[in-house]
Amino acid sequence: MGIIEKIKEIEAEMARTQKNKATEYHLGQLKAKIAKLRTQLLEPPKGSSGAGEGFEVTKFGHGRVALIGFPSVGKSTLLTLLTGTHSEAASYEFTTLTCIPGIIHYNDTKIQLLDLPGIIEGASEGKGRGRQVIAVSKSSDIVLMVLDASKSEGHRQILTRELEAVGLRLNKRPPQIYFKKKKTGGISFNSTVLLTHVDEKLCYQILHEYKIHNAEVLFREDATVDDLIDVIEGNRKYMKCIYVYNKIDVIGVDDVDKLARQPNSVVISCNLKLNLDRLLAKMWEEMGLVRIYTKPQGQQPDFTDPVVLSVDRGGCTVEDFCNHIHRNLVKDVKYVLVWGTSARHYPQHCGLAHVLHDEDVVQIVKKKEKEDGGRGRFKSHSTAPARISDREKKAPLKT
Ligand SMILES: Nc1nc2c(ncn2[C@@H]2O[C@H](COP(=O)(O)OP(=O)(O)OP(=O)(O)O)[C@@H](O)[C@H]2O)c(=O)[nH]1
Ligand SMILES: [K+]
Ligand SMILES: [Mg+2]
C-alpha cells in the first residue's frame, strides 16, 4: 500500500471514530501516524535535487513573495501588473506551468514576486505540480493566496488545508511548547498553565508513536495535540499569508465589503487596477523589512540605497546592521549614532544590541585605529557615496 492510501485509510478511520473522552487517545495517535506519513511524503524522490525543472529560480532582492492559488484566479495577470515582467495569462486553466519571477520596486527595496502554476485539491499529495509549487512557497518569505472573489469561499479553506498538510502554517506563531529529546531519564511532562486538550497520558502516547522514550516537555500554553505533533515533527514553516480576492469587478459591492473585512485580506481587481496600492502596502508591512540609511561622518546620509534588514529573518539590531555591511565590522565598532524613531534623542549613542527601526539613520563610530597614531580621531564607515536627498535638504542632520 502506498503512503497516500495509508493516509486515506487513517483519515477514514478518524472520520468513523466518534470524538469523546474515551477515544481521544486513539484519535491523537492516529493524528501522529498521519503526520509521520505526510513527512515521508514530503521527502524528495530518490535521485532528485532541488525544486524541479522550471522551478529553480535564484533568490533576488530583499524578500521573496509567492503567488498561490487555484487555476485562473489571475495570478499571472497580477504578476504582470505589479512587476512589468510578462507572464502569460489566459481564460483557460493551467496557463502557467513553471515558476515565473518578477521584481517589485517598492520603498527603495526590491521584492521578488513569483508566479506559479495553479494548484488544486490534492496538491499536497503530488497532484498537478503541487509538490513543486509547495517547495517554492516554502522558500518564500510570505505567501499571497490569490482567490477569485466570485467563486466559493470554500477555496480558501481547501488551499489552507493543502498547505497545512505539507507543514505550512499560515498566520500562526509556533506553539509555546518546549520540547527536548534526551538520551536517558524517561519523559518529564510539565506545564505552566491549565491544560484542557492534552494530558500526560496523551503526550506519552504521541511520543511513543514517535518512539521517543526520553524527553523534556513543557507546555507554556493550553496547546492541542496538533500543536504537540508540530513541535515534535519540528519541520513546520510559519509564514504570513495575505488573502488576495481578485476580480471584485464582477461581484456586488456588498460582497466586496464582506470580503474586505476579513482578517489579512485585500480585495483587488486586476482588470480595473483597483486597490493594487493597498495590496503593495499590506505586503510591505507583512514582510517586516527595515531600511537603514548610512551616514558617513561629516557628510549627509545616503537616502538612495538603504541597508535592508528583516525583523523575521536575521533581526534588526545594530549588530545585524554591521554584519550586513561586513562580517568583520562588528569588532571595530565603538558605538553608533542613531537618528530616527528608535532613538530617544538625536543622535543617540547606541551599542550593538540596540534595535533599529525602519528609516533610521546610522553612523558608525569605530574604535581607535592604529594609523590614527593614537591621536584619538575616530574613523567612520560609509557604505555608499553620500548624496543629499530632498528629504535631507528639508531636515539636515548634524554631527
Ligand atoms: N473579471 C476579471 N477577470 C480577470 C481579472 N484578473 C484576471 N482576470 C482574467 O482571469 C483569467 C485568468 O487569468 P490568469 O492571470 O491567467 O490566471 P492564473 O491564476 O495565472 O491562471 P493559471 O496560470 O492557469 O493558474 C484571464 O482571462 C484574465 O483576463 C480581474 O480582475 N477581473
Ligand atoms: K489561466
Ligand atoms: Mg498563470
# chains A, B, ... in the order shown; residues from 1 in each chain; ligands from 1
$ select_by_dssp --residues "segment 119-353 of chain A" --states "strand (DSSP E)" --output "number ranges by chain"
A: 142-148, 168-170, 177-181, 187-191, 215-219, 237-246, 265-267, 289-294, 307-310, 333-339, 348-350
$ residues_near_ligand --ligand "ligand 3" --cutoff "10 Å" --atoms "only C-alpha atoms and all ligand atoms" --output "PyMOL selection string"
chain A and resi 67-79+87-100+115-118
$ write_last_selection --atoms "C-alpha atoms" --output "PDB file, in the first residue's frame"
ATOM      1  CA  LEU A  67       1.548  33.737  -5.583  1.00  0.00           C
ATOM      2  CA  ILE A  68      -0.507  30.686  -4.721  1.00  0.00           C
ATOM      3  CA  GLY A  69      -3.995  29.883  -5.872  1.00  0.00           C
ATOM      4  CA  PHE A  70      -6.377  27.776  -7.900  1.00  0.00           C
ATOM      5  CA  PRO A  71      -6.028  27.950 -11.691  1.00  0.00           C
ATOM      6  CA  SER A  72      -7.262  31.078 -13.477  1.00  0.00           C
ATOM      7  CA  VAL A  73      -7.745  33.287 -10.427  1.00  0.00           C
ATOM      8  CA  GLY A  74      -5.481  35.915 -12.010  1.00  0.00           C
ATOM      9  CA  LYS A  75      -2.012  35.185 -10.579  1.00  0.00           C
ATOM     10  CA  SER A  76      -0.180  35.822 -13.850  1.00  0.00           C
ATOM     11  CA  THR A  77      -2.231  38.928 -14.596  1.00  0.00           C
ATOM     12  CA  LEU A  78      -1.229  40.244 -11.168  1.00  0.00           C
ATOM     13  CA  LEU A  79       2.473  39.451 -11.668  1.00  0.00           C
ATOM     14  CA  SER A  87       3.604  36.184 -17.573  1.00  0.00           C
ATOM     15  CA  GLU A  88       1.150  34.603 -19.986  1.00  0.00           C
ATOM     16  CA  ALA A  89      -2.472  34.991 -18.856  1.00  0.00           C
ATOM     17  CA  ALA A  90      -5.482  33.340 -20.476  1.00  0.00           C
ATOM     18  CA  SER A  91      -9.001  32.233 -19.695  1.00  0.00           C
ATOM     19  CA  TYR A  92      -8.105  28.524 -19.671  1.00  0.00           C
ATOM     20  CA  GLU A  93      -6.776  26.718 -16.587  1.00  0.00           C
ATOM     21  CA  PHE A  94      -3.098  25.824 -16.137  1.00  0.00           C
ATOM     22  CA  THR A  95      -1.825  28.537 -18.466  1.00  0.00           C
ATOM     23  CA  THR A  96       1.257  28.863 -16.274  1.00  0.00           C
ATOM     24  CA  LEU A  97       3.345  25.701 -15.993  1.00  0.00           C
ATOM     25  CA  THR A  98       6.582  26.891 -14.374  1.00  0.00           C
ATOM     26  CA  CYS A  99       7.771  29.472 -11.867  1.00  0.00           C
ATOM     27  CA  ILE A 100       7.999  32.982 -13.361  1.00  0.00           C
ATOM     28  CA  ASP A 115       4.115  33.469 -10.345  1.00  0.00           C
ATOM     29  CA  LEU A 116       3.331  29.761 -10.076  1.00  0.00           C
ATOM     30  CA  PRO A 117       1.056  27.191 -11.701  1.00  0.00           C
ATOM     31  CA  GLY A 118      -2.410  26.917 -10.214  1.00  0.00           C
TER      32      GLY A 118
END
$ atom_distance --atom1 "atom CA of Gly288 of chain A" --atom2 "atom CA of Ser140 of chain A"
13.6 Å
$ closest_residue --among "A:Arg291, A:Lys31, A:Arg16, A:Lys36" --to "Asn235 of chain A" --atoms "only C-alpha atoms"
A:Lys36
$ closest_residue --among "A:Val333, A:Leu356, A:Met287, A:Val217" --to "Lys110 of chain A" --atoms "only C-alpha atoms"
A:Met287
$ closest_residue --among "A:Ile120, A:Val308, A:Ile292, A:Val250" --to "ligand 1" --atoms "only C-alpha atoms and all ligand atoms"
A:Val250
$ select_by_dssp --residues "segment 155-348 of chain A" --states "helix (DSSP H, G or I)" --output "ChimeraX atom specification"
/A:155-165,200-209,225-233,248-250,253-260,276-287,318-325,330-332
$ closest_residue --among "A:Leu309, A:Leu81, A:Cys241, A:Ile103" --to "ligand 1" --atoms "only C-alpha atoms and all ligand atoms"
A:Leu81
$ atom_distance --atom1 "atom CA of Ser188 of chain A" --atom2 "atom CA of Asn214 of chain A"
7.9 Å
$ residues_around --residues "Ile111 of chain A" --least-positions-apart "5" --cutoff "10 Å" --atoms "only C-alpha atoms" --output "ChimeraX atom specification"
/A:59-65,83,102-106,283-284,287
$ closest_residue --among "A:Leu352, A:Leu37, A:Ile142, A:Leu113" --to "Arg169 of chain A" --atoms "only C-alpha atoms"
A:Ile142
$ closest_residue --among "A:Lys247, A:Tyr210, A:Pro175, A:Asp254" --to "Val146 of chain A" --atoms "only C-alpha atoms"
A:Lys247
$ residues_around --residues "Glu162 of chain A" --least-positions-apart "2" --cutoff "8 Å" --atoms "only C-alpha atoms" --output "list in words"
Glu121, Gly122, Ala123, Ser124, Ile158, Leu159, Thr160, Glu164, Ala165 and Val166 of chain A
$ write_last_selection --atoms "C-alpha atoms" --output "short mmCIF file (atom, residue, chain, number, x, y, z; two decimals), in the first residue's frame"
data_model
loop_
_atom_site.label_atom_id
_atom_site.label_comp_id
_atom_site.auth_asym_id
_atom_site.auth_seq_id
_atom_site.Cartn_x
_atom_site.Cartn_y
_atom_site.Cartn_z
CA GLU A 121 -7.17 19.92 -4.19
CA GLY A 122 -4.74 17.05 -3.69
CA ALA A 123 -1.68 19.20 -4.44
CA SER A 124 -0.15 18.14 -1.13
CA ILE A 158 -9.23 23.89 0.66
CA LEU A 159 -5.97 25.69 -0.14
CA THR A 160 -5.20 26.29 3.52
CA GLU A 164 -1.20 22.69 6.20
CA ALA A 165 -0.87 19.11 5.02
CA VAL A 166 2.67 19.86 3.88
#
$ atom_distance --atom1 "atom CA of Met1 of chain A" --atom2 "atom CA of Leu228 of chain A"
27.7 Å
